[in-house]
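K.L.:
Handing you this structure, nothing more for now.
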Amino acid sequence: MFPIRDSARTQGIPLVNWALIVVNVLVLAWIASLAPRAQESLIYSYGFVPEAFFRSPISGAALTLITSMFLHGGWYHVISNMWALYIFGDNIESRLGHGRYLVFYLATGIAAALAHAALTPASEIPTVGASGAVAGVMGAYILLFPHSRIVTLIPLFFLPWFVEVPALIYVGVWFLSQLFNGLFSLLPETEAAAGVAWWAHVGGFAAGLGLAAAYLGVSRRKSYY
């Protein structure tokens with residue numbers, strides 16, 4: 001399933017969301033202009049490596065919790081992440097406001113990296129990408145916009161089929177796929193070859209859901225005064 005657009009209306013211009021998209025694309029364009037050896041060195045220096053983080057968490061490894069969010073492994077990687085952010089992120093920014101949305105985005109990205117590290121503490125493979133933060137946005141989306149619908153492209157015998165799917169179903173199916181893949185990746189024979197930080201997606205989603213729930217709780221308490 002490939003999301004095309006959602007039905008939720010937004011207010012104002014999602015300045016932070018657009019800035020995040022532009023920065024991620026520009027960073028990848030810059031990395032792509034470097035020599036292969038320089039690219040590899042940059043990924044290992046600024047990508048998040050669980051083993052390095054646990055070995056020396058007060059060093060520069062802690063900074064990679066943030067820098068890794070703005071690195072991607074290729075154009076498909078960044079486009080798929082930024083497209084999901086384009087569809088869902090503007091709604092969350094509209095609801096939270098610019099400043100809170102930026103804090104929310106970074107916090108869920110950090111939570112995603114920590115979840116990945118907790119499940120793979122000995123991994124020396126650098127993790128890069130905004131997927132964890134985007135998963136956080138999707139977690140918040142189903143709580144803040146539960147009645148929204150997602151126009152989705154489903155290839156049917158090589159023909160495009162567009163359907164409207166309730167957000168709860170679309171995001172729910174996506175989350176279950178991440179969870180099952182994460183559980184499967186823990187098997188000894190698949191862990192090394194998994195290639196995707198599934199638990200970062202799960203952790204980011206859970207963090208987004210939790211922060212959105214806290215936001216709703218605070219908002220409701222304020223409405224009582």
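FYI, nothing fancy with the structure tokens labels: chains A, B, ... in order, residues from 1 per chain, ligands from 1 as they appear.
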Against segment 124-138 of chain A, which residues of segment 5-114 of chain A fall within 6 Å? For each one I want the closest pair of atoms and the distance in Å (one decimal), counting only C-alpha atoms, rows by chain and increasing residue number, as CSV.
P.N.:
residue,atom,partner,partner_atom,distance
A:Tyr44,CA,A:Pro126,CA,5.9
A:Gly47,CA,A:Pro126,CA,5.0
A:Phe48,CA,A:Thr127,CA,5.0
A:Val49,CA,A:Pro126,CA,4.5
A:Glu51,CA,A:Glu124,CA,5.5
A:Ser68,CA,A:Val128,CA,4.8
A:Met69,CA,A:Ala130,CA,4.6
A:Leu71,CA,A:Gly129,CA,5.3
A:His72,CA,A:Gly129,CA,4.7
A:Leu85,CA,A:Val134,CA,6.0
A:Tyr105,CA,A:Ala133,CA,5.6
A:Thr108,CA,A:Ala133,CA,5.1
A:Gly109,CA,A:Ala133,CA,4.0
A:Ala112,CA,A:Gly132,CA,4.9
K.L.:
Within segment 101-136 of chain A, find each residue whose DSSP state, derived from the backbone, is helix (DSSP H, G or I), and express the selection as an MDAnalysis selection string.
P.N.:
chainID A and resid 101:119 131:136
K.L.:
Of the candidates A:Ala8, A:Leu114, A:Ala29, A:Ala35, which one gets nearest to Thr64 of chain A if we count only C-alpha atoms?
P.N.:
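For Thr64 of chain A, the nearest of the given residues is A:Leu114.
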K.L.:
Could you build a table of the residues in segment 30-121 of chain A lying no more than 10 Å from segment 20-26 of chain A, giving for each the nearest pair of atoms and their separation in Å rounded to one decimal place, using only C-alpha atoms, ordered by chain and ascending residue number, as a Markdown table?
P.N.:
| residue | atom | partner | partner_atom | distance |
| --- | --- | --- | --- | --- |
| A:Trp30 | CA | A:Leu26 | CA | 6.2 |
| A:Ile31 | CA | A:Leu26 | CA | 8.6 |
| A:Ala32 | CA | A:Leu26 | CA | 9.8 |
| A:Met69 | CA | A:Asn24 | CA | 8.4 |
| A:Phe70 | CA | A:Asn24 | CA | 5.3 |
| A:Leu71 | CA | A:Asn24 | CA | 7.0 |
| A:His72 | CA | A:Asn24 | CA | 8.0 |
| A:Trp75 | CA | A:Val25 | CA | 8.5 |
| A:Val78 | CA | A:Val25 | CA | 6.9 |
| A:Ile79 | CA | A:Val25 | CA | 8.1 |
| A:Asn81 | CA | A:Ile21 | CA | 9.0 |
| A:Met82 | CA | A:Ile21 | CA | 5.8 |
| A:Trp83 | CA | A:Ile21 | CA | 8.6 |
| A:Leu85 | CA | A:Ile21 | CA | 7.6 |
| A:Tyr86 | CA | A:Ile21 | CA | 7.6 |
| A:Gly89 | CA | A:Leu20 | CA | 9.9 |
| A:Leu102 | CA | A:Leu20 | CA | 8.9 |
| A:Tyr105 | CA | A:Leu20 | CA | 9.5 |
K.L.:
Let me see the file: selected residues, C-alpha atoms, as a PDB file, in the first residue's frame.
P.N.:
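Contents of selection.pdb, as written:
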ATOM      1  CA  TRP A  30      25.577  16.625  -0.358  1.00  0.00           C
ATOM      2  CA  ILE A  31      26.538  13.106   0.735  1.00  0.00           C
ATOM      3  CA  ALA A  32      25.926  11.805  -2.794  1.00  0.00           C
ATOM      4  CA  MET A  69      18.046  11.189  11.726  1.00  0.00           C
ATOM      5  CA  PHE A  70      19.264  13.428   8.916  1.00  0.00           C
ATOM      6  CA  LEU A  71      21.325  10.817   7.088  1.00  0.00           C
ATOM      7  CA  HIS A  72      19.901   8.343   4.583  1.00  0.00           C
ATOM      8  CA  TRP A  75      17.326   8.328  -2.695  1.00  0.00           C
ATOM      9  CA  VAL A  78      14.919   9.496   1.824  1.00  0.00           C
ATOM     10  CA  ILE A  79      12.007   9.845  -0.624  1.00  0.00           C
ATOM     11  CA  ASN A  81      10.539   8.749   4.506  1.00  0.00           C
ATOM     12  CA  MET A  82       9.932  12.315   3.363  1.00  0.00           C
ATOM     13  CA  TRP A  83       6.780  11.370   1.478  1.00  0.00           C
ATOM     14  CA  LEU A  85       6.404  12.953   6.575  1.00  0.00           C
ATOM     15  CA  TYR A  86       4.772  15.172   3.946  1.00  0.00           C
ATOM     16  CA  GLY A  89       3.668  15.538   9.536  1.00  0.00           C
ATOM     17  CA  LEU A 102      10.097  20.080  16.321  1.00  0.00           C
ATOM     18  CA  TYR A 105       9.981  14.977  16.081  1.00  0.00           C
TER      19      TYR A 105
END
K.L.:
Enumerate as a list in words all residues of segment 6-210 of chain A assigned to strand (DSSP E or B) by DSSP on the backbone, naming them with the chain letters and numbers the document uses.
P.N.:
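DSSP-assigned strand (DSSP E or B) residues in segment 6-210 of chain A: Asp6, Phe48, Thr127, Arg149, Ile150, Val151, Thr152, Leu153, Ile154, Pro155, Leu156, Leu159, Pro160, Trp161, Phe162, Val163, Glu164, Val165 and Pro166 of chain A.
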K.L.:
Counting only C-alpha atoms, what is within 12 Å of Val103 of chain A, bar same-chain residues fewer than 6 positions away, as a list in words?
P.N.:
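Near Val103 of chain A, the qualifying residues are Val16, Asn17, Ile66, Ile92, Glu93, Leu96, Gly97, Gly109, Ile110, Ala133, Gly136, Val137, Gly208 and Leu211 of chain A.
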K.L.:
Would you tabulate, counting only C-alpha atoms, all residues of segment 55-105 of chain A that have an atom at most 12 Å from an atom of segment 164-188 of chain A, showing the closest pair of atoms and their distance in Å to one decimal, sorted by chain then ascending number, as a tab-separated table?
P.N.:
residue	atom	partner	partner_atom	distance
A:Ala84	CA	A:Val171	CA	11.2
A:Ile87	CA	A:Ala167	CA	11.8
A:Phe88	CA	A:Ala167	CA	10.4
K.L.:
Interatomic distance between atom CA of Pro121 of chain A and atom CA of Phe54 of chain A?
P.N.:
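Atom CA of Phe54 of chain A lies 7.2 Å from atom CA of Pro121 of chain A.
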K.L.:
Between A:Gly139, A:Gly99, A:Gly74, A:Pro3, which is the closest to Gly210 of chain A once you count only C-alpha atoms?
P.N.:
A:Gly139
K.L.:
Calculate how many Å separate atom CA of Asp90 of chain A from atom CA of Pro14 of chain A, rounding to one decimal.
P.N.:
5.3 Å
K.L.:
Of the residues A:Pro36, A:Pro160, A:Gly12, A:Pro146, which is the one nearest to Arg95 of chain A, using only C-alpha atoms?
P.N.:
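Closest to Arg95 of chain A of all the choices is A:Gly12.
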K.L.:
Out of A:Ala118, A:Leu65, A:Ile43, A:Leu209, which residue has the shortest atom-to-atom distance to Phe145 of chain A when counting only C-alpha atoms?
P.N.:
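Residue with the minimum atom-to-atom distance to Phe145 of chain A: A:Leu209.
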K.L.:
Ala200 of chain A: which residues within 7 Å, counting only C-alpha atoms, same-chain residues fewer than 2 positions away excluded, as a list in words?
P.N.:
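My reading of the contact set: Ala112, Ala113, Ala115, His116, Gly132, Ala197, Trp198, Val202, Gly203 and Gly204 of chain A.
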